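The next block holds one structure in the form of structure tokens; read it before the comments.
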Protein chains: 6
Amino acid sequence: MRLNRFMIRPLVEAGLREELNAGDTTGGFLVWDDDPVLTGQIYAKGSGIVCGLMFSEETIKLIEPEAEVEYCVQEGDPIGPGTVMLKIRARASTFFMIERAALDWVQQLSGIATKVRRYMDLVKHTRVRLTDTRKGWPGLRMVQKYAVRVGGAHNHIFNLNNCILVKDNHIKLAGSITNAVAILRARAQHTNKIEVECETLEMVQEALECKVEVIMFDNMDLDEVRAGLKLVNGRAITEASGGVNETTVARIAETGVDVISVGDMTHSVRAIDMSLDVKDIKPSAQRTIQRLKTLASS
Amino acid sequence: MRLNRFMIRPLVEAGLREELNAGDTTGGFLVWDDDPVLTGQIYAKGSGIVCGLMFSEETIKLIEPEAEVEYCVQEGDPIGPGTVMLKIRARASTFFMIERAALDWVQQLSGIATKVRRYMDLVKHTRVRLTDTRKGWPGLRMVQKYAVRVGGAHNHIFNLNNCILVKDNHIKLAGSITNAVAILRARAQHTNKIEVECETLEMVQEALECKVEVIMFDNMDLDEVRAGLKLVNGRAITEASGGVNETTVARIAETGVDVISVGDMTHSVRAIDMSLDVKDIKPSAQRTIQRLKTLASS
Amino acid sequence: MRLNRFMIRPLVEAGLREELNAGDTTGGFLVWDDDPVLTGQIYAKGSGIVCGLMFSEETIKLIEPEAEVEYCVQEGDPIGPGTVMLKIRARASTFFMIERAALDWVQQLSGIATKVRRYMDLVKHTRVRLTDTRKGWPGLRMVQKYAVRVGGAHNHIFNLNNCILVKDNHIKLAGSITNAVAILRARAQHTNKIEVECETLEMVQEALECKVEVIMFDNMDLDEVRAGLKLVNGRAITEASGGVNETTVARIAETGVDVISVGDMTHSVRAIDMSLDVKDIKPSAQRTIQRLKTLASS
Amino acid sequence: MRLNRFMIRPLVEAGLREELNAGDTTGGFLVWDDDPVLTGQIYAKGSGIVCGLMFSEETIKLIEPEAEVEYCVQEGDPIGPGTVMLKIRARASTFFMIERAALDWVQQLSGIATKVRRYMDLVKHTRVRLTDTRKGWPGLRMVQKYAVRVGGAHNHIFNLNNCILVKDNHIKLAGSITNAVAILRARAQHTNKIEVECETLEMVQEALECKVEVIMFDNMDLDEVRAGLKLVNGRAITEASGGVNETTVARIAETGVDVISVGDMTHSVRAIDMSLDVKDIKPSAQRTIQRLKTLASS
Amino acid sequence: MRLNRFMIRPLVEAGLREELNAGDTTGGFLVWDDDPVLTGQIYAKGSGIVCGLMFSEETIKLIEPEAEVEYCVQEGDPIGPGTVMLKIRARASTFFMIERAALDWVQQLSGIATKVRRYMDLVKHTRVRLTDTRKGWPGLRMVQKYAVRVGGAHNHIFNLNNCILVKDNHIKLAGSITNAVAILRARAQHTNKIEVECETLEMVQEALECKVEVIMFDNMDLDEVRAGLKLVNGRAITEASGGVNETTVARIAETGVDVISVGDMTHSVRAIDMSLDVKDIKPSAQRTIQRLKTLASS
Amino acid sequence: MRLNRFMIRPLVEAGLREELNAGDTTGGFLVWDDDPVLTGQIYAKGSGIVCGLMFSEETIKLIEPEAEVEYCVQEGDPIGPGTVMLKIRARASTFFMIERAALDWVQQLSGIATKVRRYMDLVKHTRVRLTDTRKGWPGLRMVQKYAVRVGGAHNHIFNLNNCILVKDNHIKLAGSITNAVAILRARAQHTNKIEVECETLEMVQEALECKVEVIMFDNMDLDEVRAGLKLVNGRAITEASGGVNETTVARIAETGVDVISVGDMTHSVRAIDMSLDVKDIKPSAQRTIQRLKTLASS
């Protein structure tokens, strides 16, 4: 699902307050006497899939609600060096204040979307579904997962309340998969599937007998995954996880597993380079210069 | 400078609330009747430079102030597969709740520190100072820059109030470097140096005549940098920026430039893989299982 | 799952700041010169199921971290007039400040737990699962749903991200249940079941053909529910909703439906009366009285 | 006094963020490709006094500031099954996101206003003033008390800084009513009246001698209240409190007491059922369906 | 009433975050390798009445909960050059971080308390009560009014919900004092007195006929105040306001008016100079120096 | 640099919430039935330099975004009794709610700007630069420093991250100025100058040898300052601090020192008196009065 301005506002506001602190020293003094309305654009210097344009817009609008922002591309579009993404009309002071924050959001989010798209291309000859994990920067999960969707992959769970995911430590505490599933079936919401992380085929077998809806092959090698799939034989959704990277993902997908969850798409990301260009600025600090000269000669 | 628990608390708390939302479904129901105190450890699966241990500790302490956390390594230490970093004594429910958030901070911050250390090694035969930029995830600048320090590099400016940094758009608005510097000298704090981003040698010359303290060679090639250095001849701190990566950094450093600022150290980072292992969990959900059986047979 | 102090703190703090505003006029001036440590207790005046003791404790501890709070009953225990629930040792000023906020949480949450328990008793001769809905006071959903669990019922979904719940307006927008389910299967998390709200048997039939995991009989009468159950015949979890109250719930449960979701348990609640009693206060305002007399006679 | 959007915004925003969490899974994916502007209405299914319409409007406007909301009834108007309260023009995604939060505010607040109106009707043959207490959900006092005003009753104090209210524990600490009043007259604001909670006629007598402005008959039976009124004889405002419910309120009012404070009006409330109906939705997910079919056949 | 740590924490925390921003550059790098525990003290350089010690303590404890703070004087005590107020035991880094924030609170609050005490001395030969107004820095009213109490004067109202204060614009809107009072008696809380700001004796007369509890002589000269007092003749509390300063206050008090409200005590304040002295610091940066030398010679 | 609405909003909002609390009792009940749009103005009663008009505007706009505010003077203009500063068109309820908060900001900030201007006039025959310090009210530094700029002086550092300022305690910890500077040069940002607080000429000498950029003569008398200047002889920026007041500032400036930092400009300020006047209010509470009469006669 898409995000909206309400949802991203607290994060965008935090980014701006971090950047502004008590004010913009350089830009702020240069526009002290005159703050002209200018036009500018945000454009790409690197290549990839664009994501996060609304974050730039919201950064600008928080500073200057009357500023105008025109979208030249849409979320998920491919971009390359020179692609203009946003055209902006705003005061000089606004451009000076928002430059870094407005660019950083799109650079980082596009970095994720671009990597995700590359992963998607690697498995497009299969029917596998790629998902993210919860790995990445804490506090920014909503936006990292949004970039995954824009890149074309799916989301795995959002937080500890969004799924029933039984892991090794849970199983140890419960005594067995069977016990854990019994407790969770009895107590947890009836609307969630139960997923069990299985490290061995024995665990897969036990999980199957518990009729869990999703079985994760956790850090299994390709042969184990294939054996696991045979065992499951369509009685549960299967998911492979652990050690997935751009080199291995295709072969894992080719096993026929239903889902592959990939931490690498969010925890290790290369930003896409972008820049903000202000057009046709005419020198407007003349009044200031004049006043300083008068002072100097007095 | 180091961070402390007070400084990181708002970020750590945000990360935890994102993860917990309205509660931990899986873990929470498994410990409903019995929540034993357990021991566990956070250890490395990948290799690199560790950073962010205090974030894990604070994540744990926010949930359970009485939990015990022992540091087995120090910030900036090298780690490899199997290196135990933190030993933890806490309730089962705490382990279940904090796992992802506690790991994510260290994984991402160590990712930065590790990359920074690699950059440092590439230029250790020179006297250059490497600094970060403000590029990276908005809202997390304080922690990203902390990881840069732990990795051994220096920080460039923190925000728009932390330095006087004259960029191309400022110059256009002011009419010239000379004008911009005159205004800023007249109005901005006397405690900050003025740095000017120069794209040409003419700009370097003008900046020098304005007696600015720091001159940035912005996106210049090696020959231009060398020419710039000759022009400056020790009359200002020199800084190279733009297009710096692990392939190019050594050669730039060898020109003798004083500072190289590198966005790549914070905007494009590979996380270091880590894991949380809970030790010797004895099944403690028996009371729950028993109760469920009773219910089932009634 | 249980809540913990970290999770409830923001709500408890908001309740306290609302009550204190800029200070406690009455209590605050009476203890201006002397603020003795006293003992007291929170006890029931009405009857029901207790819930929310930790909210009282946290209210007290936020004001005076050194205060001592002893639990005399456990969450979910039955209470009646005179049942002592918490014994407290704290400063007089603390008792004066926390009284209303500390009581209100337990009164309201116990009100929910008590109503839930009554509902549970009405259906205990069946195998039905009772759940809440999202109805109730906005901003307090986490605590309202917690009280439902303490009362012995189950939770339905927590928020719009916690389940896939297809309602009439969704179906209209998609064109059909079939379309809606196709889109959601293709795009939403693989870990969530899909529930469809069906108002007619035709809708039940279409949902079944889409193989959705949960089918809600929305505002159907008993005959329709029975017909629906026959149609479903174990191929999906069945849920009845709409028009459920203490008069109707047993008969609905006796149809054999799997789940009944009941808004009434959280949106219409009678608080359980409670009181705070401070013990053995010895007059300690004598110093103040004496000083006032001196002033008056001067 | 009325509330305004500024005053309710933090609460409305909290309600929305609770509901949205990281996004609307069901609605969000259905409008991914196309998000049409629709009309809809909020209407009553139960009967009562309407309260809280501004909360619905603010919920909608926070998501979509351009949405249009038309009021068909005013705060305090009687409503019954089918009464349309608000007409809305907004995007499909907005309707999906705000439904529950927008309804919950009005359902709960109307529940209070409705109960208050019923109480008012029970005493309309007397000259008594009915007030609320501070009982109810912590953190929502401002809105609960607003609903009391809309229902036609009056507010008692808002918080510990809004009145001087001397209770039993205060009296014990001070040594006597006389002492407590002396201290408070000497130190507290001259703009507040002093109210003393009296449990016996002796206490009433002492409070009278202290010339306090308001005397509360705390948990007294009707005969005691009458004796108290005789004793006071117009020398103070009299207030009855404790054990007030819909059965007893009229007889208490008939004693001639000036004020009756009623916790029941806010702590035990039945919500008024309401619904959101979106009109004339034309299927608009066709683009999505088409794309999925293409994918499926590829 | 006194404040407590819970009440002041949000303000103290805001002060600290403002000061620290992303870290303490100077102090932070000096203690990078070694952060010794030191003792120090906060002492006065100017003279006055001390107020706000708890704000210093809380500033320290927020950074280092284990730090020890010993009070050498109490709130409201007179201090002079050299008076030690707090003894502190904390890490060097804590001293460096908290110095300015910890001092500023006490300097400013003591400035208010000192001025208030001077006012009190000017009227001690009368029975007048001095109160503050709501004038001063927005957002800090709670603490400014606390300093007024510590200085020995009384508080006037805290906010718009803390009293019924009828001003000229209210009267114009209502049509007359009589109208305004009738509406407010009918609708506002029965626990608040009504105060009317009267600019003429005619207004005083009308207010008296409405039996309001407090009559303010607003910006009247001494003769008018005396005439007003004669008119009121004990039938209401009288309050003089407007144009009160250290020159005029005694004469106003000598008229026999009950209350004088003085904006000057909070809106125009001279801080009391204070200083933080760290004792017996032994050089502990040797490890750092040594390491730098090694680096330099490498 | 100027502030903008985004930067001041959190402070303005806090001021308003403090004032409104749960509502405006007096004004709120008077406009219950009718809330006319009125015009009014904020004008000066005292004399000085105006500062903070945007804070008044933002206070008004937060309550009523549609209100109109017209500026009659600009920041930094001189004002005197009767000068109209803002013309306002807003609802009666808005005027009643915002009066105190809207005035307080401008009164206090103009107080600072006015004092600063007076200081500036005292040194205008010299070339000295006057700066503030960090002294004043915690949490309001951004706005206090803004008023300093409006008054015509310069800002010194904003926080601990905004400069390298070596103080006596730092020097003690490092062992010497030389050590401290060595560490800070090696580790701190290359974009900041180093300033050292020197209490003796020996310290000045050592600081000079370390080539620090700014040397503060800390609490030196005039002779020492002159000796220090001779010693420095243009090799660093010189700054005098300590014991600066309106009596001494001119003589200090006449020594030829480059900068004088003055805590007095922000920590000890006299507010400028201002008032809000609502024009041509026609009684509009007639409907309310009529209704009350009907009730009274019923």
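We label chains A, B, ... in the order they appear in the structure tokens, count residues from 1 in each chain, and number ligands from 1 in the order shown.
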
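For chain E, the residues having at least one atom no farther than 6 Å from chain D, when counting only C-alpha atoms, are Asn155, His156, Asn162, Gln189, Thr191, Asn192 and Lys193 of chain E.
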
(message) as JSON, numbers by chain, please: every residue in segment 7-189 of chain B that DSSP puts in helix (DSSP H, G or I).
(response) {"B": [7, 8, 9, 10, 11, 12, 13, 14, 15, 16, 17, 18, 19, 20, 25, 26, 27, 28, 29, 30, 53, 54, 55, 56, 57, 58, 59, 60, 61, 62, 63, 92, 93, 94, 95, 96, 97, 98, 99, 100, 101, 102, 103, 104, 105, 106, 107, 108, 109, 110, 111, 112, 113, 114, 115, 116, 117, 118, 119, 120, 121, 122, 141, 142, 143, 144, 145, 146, 147, 148, 149, 150, 151, 168, 169, 170, 171, 172, 173, 174, 177, 178, 179, 180, 181, 182, 183, 184, 185, 186, 187]}

7 Å contact set for Asp273 of chain E, only C-alpha atoms, chain neighbours under 5 positions out, as a PDB file with C-alpha atoms, in the first residue's frame:
ATOM      1  CA  ALA E  44      26.674  31.780  43.959  1.00  0.00           C
ATOM      2  CA  LYS E  45      28.551  34.777  42.640  1.00  0.00           C
ATOM      3  CA  GLY E  46      25.678  37.219  43.145  1.00  0.00           C
ATOM      4  CA  GLN E 107      20.163  31.634  37.746  1.00  0.00           C
TER       5      GLN E 107
END

(message) Give me the residues near Lys282 of chain A as an MDAnalysis selection string, where near means some atom within 8 Å (using only C-alpha atoms) and where sequence neighbours in that chain fewer than 6 positions away do not count.
(response) chainID B and resid 172:173 175

(message) With only C-alpha atoms as the counted atoms, please give the residues lying no more than 8 Å from Tyr71 of chain A, apart from itself and same-chain residues fewer than 6 positions off, as a ChimeraX atom specification.
(response) /A:53,85-87

(request) From a DSSP calculation on the backbone, collect every residue of segment 47-295 of chain D in strand (DSSP E or B) and output the set as JSON, numbers by chain. (result) {"D": [48, 49, 68, 69, 70, 71, 78, 79, 84, 85, 86, 87, 88, 89, 90, 91, 129, 130, 131, 154, 164, 165, 166, 192, 194, 195, 196, 197, 198, 214, 215, 216, 217, 218, 237, 238, 239, 240, 241, 259, 260, 261, 268, 269, 270, 274, 275, 276, 277, 278, 279]}

Excluding same-chain residues fewer than 3 positions from Gly15 of chain C, what lies within 8 Å of it counting only C-alpha atoms, as a short mmCIF file (atom, residue, chain, number, x, y, z; two decimals) with C-alpha atoms, in the first residue's frame?
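Contents of out-v6.cif, freshly written:
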data_model
loop_
_atom_site.label_atom_id
_atom_site.label_comp_id
_atom_site.auth_asym_id
_atom_site.auth_seq_id
_atom_site.Cartn_x
_atom_site.Cartn_y
_atom_site.Cartn_z
CA LEU C 11 -0.40 6.48 28.32
CA VAL C 12 0.14 6.51 32.06
CA GLU C 18 -3.61 15.73 32.58
CA GLU C 19 -4.38 15.35 36.29
CA ALA C 101 -5.41 8.55 37.89
CA PRO D 138 -7.22 8.89 31.89
CA GLY D 139 -5.83 11.06 29.13
CA LEU D 140 -9.27 11.72 27.64
#

(message) Residues within 9 Å of Lys279 of chain A, please, as number ranges by chain. Count only C-alpha atoms; anything in the same chain fewer than 2 positions from it doesn't count.
(response) A: 38-41, 277, 281; B: 169

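Among the candidate residues C:Ala271, C:Val84, C:Ile252, C:Met142, the one lying nearest to Asn4 of chain C is C:Met142, with distances computed using only C-alpha atoms.
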
(message) One number please: atom CA of Ile79 of chain E to atom CA of Leu109 of chain E, in Å, one decimal.
(response)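 Interatomic distance, atom CA of Ile79 of chain E to atom CA of Leu109 of chain E: 13.3 Å.
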
(request) Rank E:Asn21, E:Thr26, E:Ser110, E:Thr126 by their smallest atom-to-atom distance to Gly256 of chain E, using only C-alpha atoms, and report the top residue only. (result) E:Thr126

(message) If I take atom CA of Val116 of chain D and atom CA of Glu254 of chain D, how far is one from the other in Å, to one decimal?
(response) 18.1 Å
